[in-house]
$ cat coords08.txt   # compact mmCIF, C-alpha atoms
# COMPACT_ATOMS: atom_id res chain seq x y z
CA MET J 1 129.09 118.72 55.34
CA LYS J 2 132.46 119.90 56.72
CA GLY J 3 131.49 118.55 60.15
CA LEU J 4 130.57 115.17 58.67
CA LEU J 5 133.87 115.04 56.77
CA ASP J 6 135.82 115.99 59.90
CA ASN J 7 134.01 113.39 62.02
CA GLU J 8 134.54 110.62 59.46
CA CYS J 9 138.23 111.38 59.05
CA ARG J 10 139.13 112.12 62.67
CA SER J 11 137.54 108.93 63.95
CA SER J 12 139.31 106.63 61.55
CA LEU J 13 142.73 105.06 61.51
CA LEU J 14 143.06 106.49 58.00
CA TYR J 15 143.25 110.00 59.42
CA ARG J 16 146.10 109.22 61.81
CA SER J 17 148.18 106.82 59.76
CA PHE J 18 147.65 107.93 56.18
CA PHE J 19 146.95 111.62 56.33
CA GLU J 20 149.14 112.86 59.16
CA GLN J 21 152.22 110.79 58.33
CA MET J 22 152.28 111.19 54.55
CA VAL J 23 155.35 112.72 52.97
CA GLN J 24 153.21 114.07 50.13
CA ALA J 25 151.00 117.11 50.74
CA ALA J 26 147.32 116.16 51.05
CA PHE J 27 144.56 118.76 51.34
CA TRP J 28 141.01 117.87 52.36
CA LEU J 29 138.45 119.96 50.51
CA ASP J 30 134.78 120.60 51.19
CA GLN J 31 131.94 120.40 48.65
CA SER J 32 132.79 123.85 47.27
CA GLY J 33 136.55 123.28 46.98
CA GLY J 34 137.47 125.08 50.19
CA VAL J 35 140.36 123.74 52.30
CA CYS J 36 139.12 121.94 55.43
CA ARG J 37 142.43 120.55 56.55
CA GLY J 38 145.90 119.71 55.37
CA ASN J 39 148.60 117.38 56.60
CA PRO J 40 152.00 118.58 57.89
CA ALA J 41 153.49 118.19 54.39
CA CYS J 42 151.16 121.00 53.22
CA GLU J 43 152.86 123.41 55.58
CA ALA J 44 156.29 122.31 54.35
CA LEU J 45 155.18 122.75 50.73
CA THR J 46 153.65 126.23 51.08
CA GLY J 47 155.46 127.70 54.08
CA TYR J 48 152.07 128.67 55.55
CA ALA J 49 150.73 127.32 58.85
CA ALA J 50 147.48 125.36 58.49
CA GLU J 51 145.41 128.06 60.20
CA GLU J 52 146.49 130.53 57.50
CA TRP J 53 144.81 128.60 54.66
CA GLU J 54 142.11 126.45 56.27
CA GLY J 55 138.72 127.73 55.18
CA TYR J 56 140.07 129.41 52.04
CA PRO J 57 139.40 128.26 48.49
CA PHE J 58 142.02 125.71 47.38
CA TRP J 59 142.77 127.71 44.22
CA LYS J 60 144.12 130.60 46.30
CA LEU J 61 147.20 128.49 47.12
CA ALA J 62 148.36 128.92 43.52
CA ILE J 63 150.34 131.89 42.24
CA ALA J 64 148.14 134.65 40.79
CA GLU J 65 148.61 133.63 37.15
CA GLU J 66 147.58 130.02 37.91
CA GLN J 67 144.62 130.61 40.23
CA GLU J 68 141.95 130.48 37.53
CA THR J 69 143.34 127.18 36.19
CA VAL J 70 143.34 125.65 39.68
CA ARG J 71 139.83 126.99 40.33
CA ARG J 72 138.55 125.37 37.12
CA GLN J 73 140.32 122.06 37.80
CA THR J 74 138.97 121.98 41.37
CA GLN J 75 135.46 122.64 40.07
CA CYS J 76 135.87 119.77 37.59
CA ALA J 77 136.86 117.48 40.48
CA VAL J 78 133.84 118.59 42.54
CA ASN J 79 131.66 117.91 39.48
CA GLY J 80 132.99 114.34 39.31
CA GLU J 81 135.49 114.89 36.50
CA PRO J 82 138.90 115.09 38.21
CA MET J 83 141.92 115.55 35.96
CA PRO J 84 145.53 115.62 37.15
CA PHE J 85 147.56 118.65 36.12
CA CYS J 86 150.74 120.66 36.70
CA THR J 87 150.64 124.17 38.18
CA VAL J 88 152.59 126.47 40.50
CA PHE J 89 151.82 127.15 44.18
CA ALA J 90 152.88 130.24 46.07
CA HIS J 91 155.31 129.88 48.98
CA LYS J 92 155.16 132.20 51.97
CA ALA J 93 158.90 132.81 52.30
CA GLY J 94 160.46 131.39 49.17
CA PRO J 95 160.14 131.06 45.42
CA PRO J 96 156.98 129.63 43.83
CA VAL J 97 156.71 125.84 43.93
CA PRO J 98 155.91 123.83 40.79
CA VAL J 99 153.46 121.03 41.67
CA TYR J 100 151.46 118.14 40.22
CA ILE J 101 147.90 117.82 41.58
CA THR J 102 145.49 114.87 41.56
CA TYR J 103 142.01 114.83 43.09
CA GLY J 104 139.77 112.21 44.66
CA ALA J 105 136.51 111.99 46.62
CA PHE J 106 135.69 110.97 50.20
CA LEU J 107 132.60 108.79 50.37
CA ALA J 108 130.38 107.92 53.33
CA GLU J 109 127.43 105.58 52.87
CA GLY J 110 127.70 106.00 49.10
CA ALA J 111 127.55 109.81 49.15
CA THR J 112 130.41 112.21 48.46
CA ILE J 113 131.16 114.17 51.62
CA GLY J 114 134.32 115.91 50.49
CA TYR J 115 137.38 115.74 48.31
CA TYR J 116 141.12 115.52 48.59
CA ALA J 117 143.91 117.02 46.55
CA MET J 118 147.25 115.23 46.51
CA VAL J 119 149.97 117.77 45.72
CA GLN J 120 153.44 116.64 44.74
CA LYS J 121 156.32 119.08 44.48
CA LEU J 122 158.08 118.85 41.12
CA SER J 123 161.83 119.15 40.68
CA GLN J 124 163.26 122.19 38.90
CA ALA J 125 163.99 120.04 35.83
CA VAL J 126 160.33 119.02 35.66
CA ALA J 127 159.23 122.62 36.19
CA ASP J 128 161.45 123.79 33.35
CA SER J 129 159.96 121.12 31.10
CA ARG J 130 156.46 122.19 32.15
CA GLU J 131 157.22 125.78 31.20
CA ALA J 132 158.24 124.50 27.77
CA GLN J 133 154.79 122.84 27.51
CA SER J 134 156.41 119.40 27.32
CA CYS J 135 155.50 117.80 30.66
CA LYS J 136 153.22 114.79 30.16
CA VAL J 137 152.06 112.52 32.97
CA LEU J 138 151.08 108.88 32.81
CA ASP J 139 149.04 107.29 35.58
CA LEU J 140 150.81 104.06 36.54
CA SER J 141 149.21 102.36 39.52
CA LEU J 142 149.90 104.51 42.59
CA GLU J 143 152.96 106.18 41.10
CA ALA J 144 153.37 108.90 38.51
CA ALA J 145 155.79 108.66 35.61
CA PHE J 146 156.92 111.77 33.79
CA ILE J 147 157.99 111.89 30.16
CA TYR J 148 159.94 114.93 29.02
CA GLU J 149 160.35 115.92 25.43
CA LYS J 150 162.44 118.85 24.25
CA GLU J 151 160.58 120.89 21.72
CA SER J 152 162.54 121.57 18.56
$ encode --input "coords08.txt" --output "structure tokens"
Amino acid sequence: MKGLLDNECRSSLLYRSFFEQMVQAAFWLDQSGGVCRGNPACEALTGYAAEEWEGYPFWKLAIAEEQETVRRQTQCAVNGEPMPFCTVFAHKAGPPVPVYITYGAFLAEGATIGYYAMVQKLSQAVADSREAQSCKVLDLSLEAAFIYEKES
């Protein structure tokens, strides 16, 4: 399957224009949730070179306390039930990075051949709100809107 996903993506304009030039981190995942490839923004987000995480489970990019949550959410996406969520990724040379993750599927001839995870870095203000359990996300077209509520 990984070979089919690679062939589909490498041969298309989508691979060059969308994936490689995106500002947002985009990870391509195989059928089991392993990382096949990531765009240059992935390296900027994590501090790790692509060859350091390609082939590893996507959930291992999260900090230790969040890995089980990311593993479960990735499994939900692979099972056809993707749900966006906030978590924290590890960074190779810096502090952990709060992120918002959404998933989608790659289709070829009507069959799912892989998945993608769009990972957006959150600001410190958003991260602080998330820690207070008050970060809520609304899906608005192609953009995300965040609503923050201070808990009393």
$ residues_near_point --input "coords08.txt" --point "(149.3, 131.5, 58.1)" --cutoff "12 Å" --atoms "all atoms listed in the file" --output "PDB file with C-alpha atoms, keeping the file's coordinate frame"
ATOM      1  CA  CYS J  42     151.160 121.000  53.220  1.00  0.00           C
ATOM      2  CA  GLU J  43     152.860 123.410  55.580  1.00  0.00           C
ATOM      3  CA  THR J  46     153.650 126.230  51.080  1.00  0.00           C
ATOM      4  CA  GLY J  47     155.460 127.700  54.080  1.00  0.00           C
ATOM      5  CA  TYR J  48     152.070 128.670  55.550  1.00  0.00           C
ATOM      6  CA  ALA J  49     150.730 127.320  58.850  1.00  0.00           C
ATOM      7  CA  ALA J  50     147.480 125.360  58.490  1.00  0.00           C
ATOM      8  CA  GLU J  51     145.410 128.060  60.200  1.00  0.00           C
ATOM      9  CA  GLU J  52     146.490 130.530  57.500  1.00  0.00           C
ATOM     10  CA  TRP J  53     144.810 128.600  54.660  1.00  0.00           C
ATOM     11  CA  GLU J  54     142.110 126.450  56.270  1.00  0.00           C
ATOM     12  CA  GLY J  55     138.720 127.730  55.180  1.00  0.00           C
ATOM     13  CA  TYR J  56     140.070 129.410  52.040  1.00  0.00           C
ATOM     14  CA  LEU J  61     147.200 128.490  47.120  1.00  0.00           C
ATOM     15  CA  HIS J  91     155.310 129.880  48.980  1.00  0.00           C
ATOM     16  CA  LYS J  92     155.160 132.200  51.970  1.00  0.00           C
ATOM     17  CA  ALA J  93     158.900 132.810  52.300  1.00  0.00           C
TER      18      ALA J  93
END
$ residues_around --input "coords08.txt" --residues "Trp28 in chain J" --least-positions-apart "2" --cutoff "6 Å" --atoms "only C-alpha atoms" --output "list in words"
Val35, Cys36, Arg37, Tyr115 and Tyr116 of chain J
$ closest_residue --input "coords08.txt" --among "J:Glu109, J:Glu81, J:Glu66, J:Glu20" --to "Asn39 in chain J" --atoms "only C-alpha atoms"
J:Glu20
$ atom_distance --input "coords08.txt" --atom1 "CA of Ala77 in chain J" --atom2 "CA of Ala111 in chain J"
14.9 Å
$ atom_distance --input "coords08.txt" --atom1 "CA of Val78 in chain J" --atom2 "CA of Ala26 in chain J"
16.1 Å
$ closest_residue --input "coords08.txt" --among "J:Phe58, J:Val119, J:Arg72, J:Glu65" --to "Gly34 in chain J" --atoms "only C-alpha atoms"
J:Phe58
$ residues_around --input "coords08.txt" --residues "range 98-102 of chain J" --least-positions-apart "3" --cutoff "9 Å" --atoms "only C-alpha atoms" --output "list of chain:residue names"
J:Pro82, J:Met83, J:Pro84, J:Phe85, J:Cys86, J:Thr87, J:Val88, J:Phe89, J:Ala90, J:Tyr116, J:Ala117, J:Met118, J:Val119, J:Gln120, J:Lys121, J:Leu122, J:Ser123, J:Gln124, J:Val126, J:Ala127, J:Arg130
$ atom_distance --input "coords08.txt" --atom1 "CA of Gly38 in chain J" --atom2 "CA of Ala105 in chain J"
15.0 Å
$ residues_around --input "coords08.txt" --residues "Arg71 in chain J" --least-positions-apart "6" --cutoff "9 Å" --atoms "only C-alpha atoms" --output "PyMOL selection string"
chain J and resi 33+57-60
$ closest_residue --input "coords08.txt" --among "J:Thr112, J:Leu45, J:Leu29, J:Met22" --to "Pro95 in chain J" --atoms "all atoms listed in the file"
J:Leu45
$ closest_residue --input "coords08.txt" --among "J:Asp30, J:Ile113, J:Ala62, J:Ala25" --to "Val97 in chain J" --atoms "only C-alpha atoms"
J:Ala62
$ closest_residue --input "coords08.txt" --among "J:Val70, J:Phe27, J:Ile63, J:Gly94" --to "Phe106 in chain J" --atoms "all atoms listed in the file"
J:Phe27
$ closest_residue --input "coords08.txt" --among "J:Pro96, J:Gly114, J:Gly104, J:Gly80" --to "Gln31 in chain J" --atoms "all atoms listed in the file"
J:Gly114
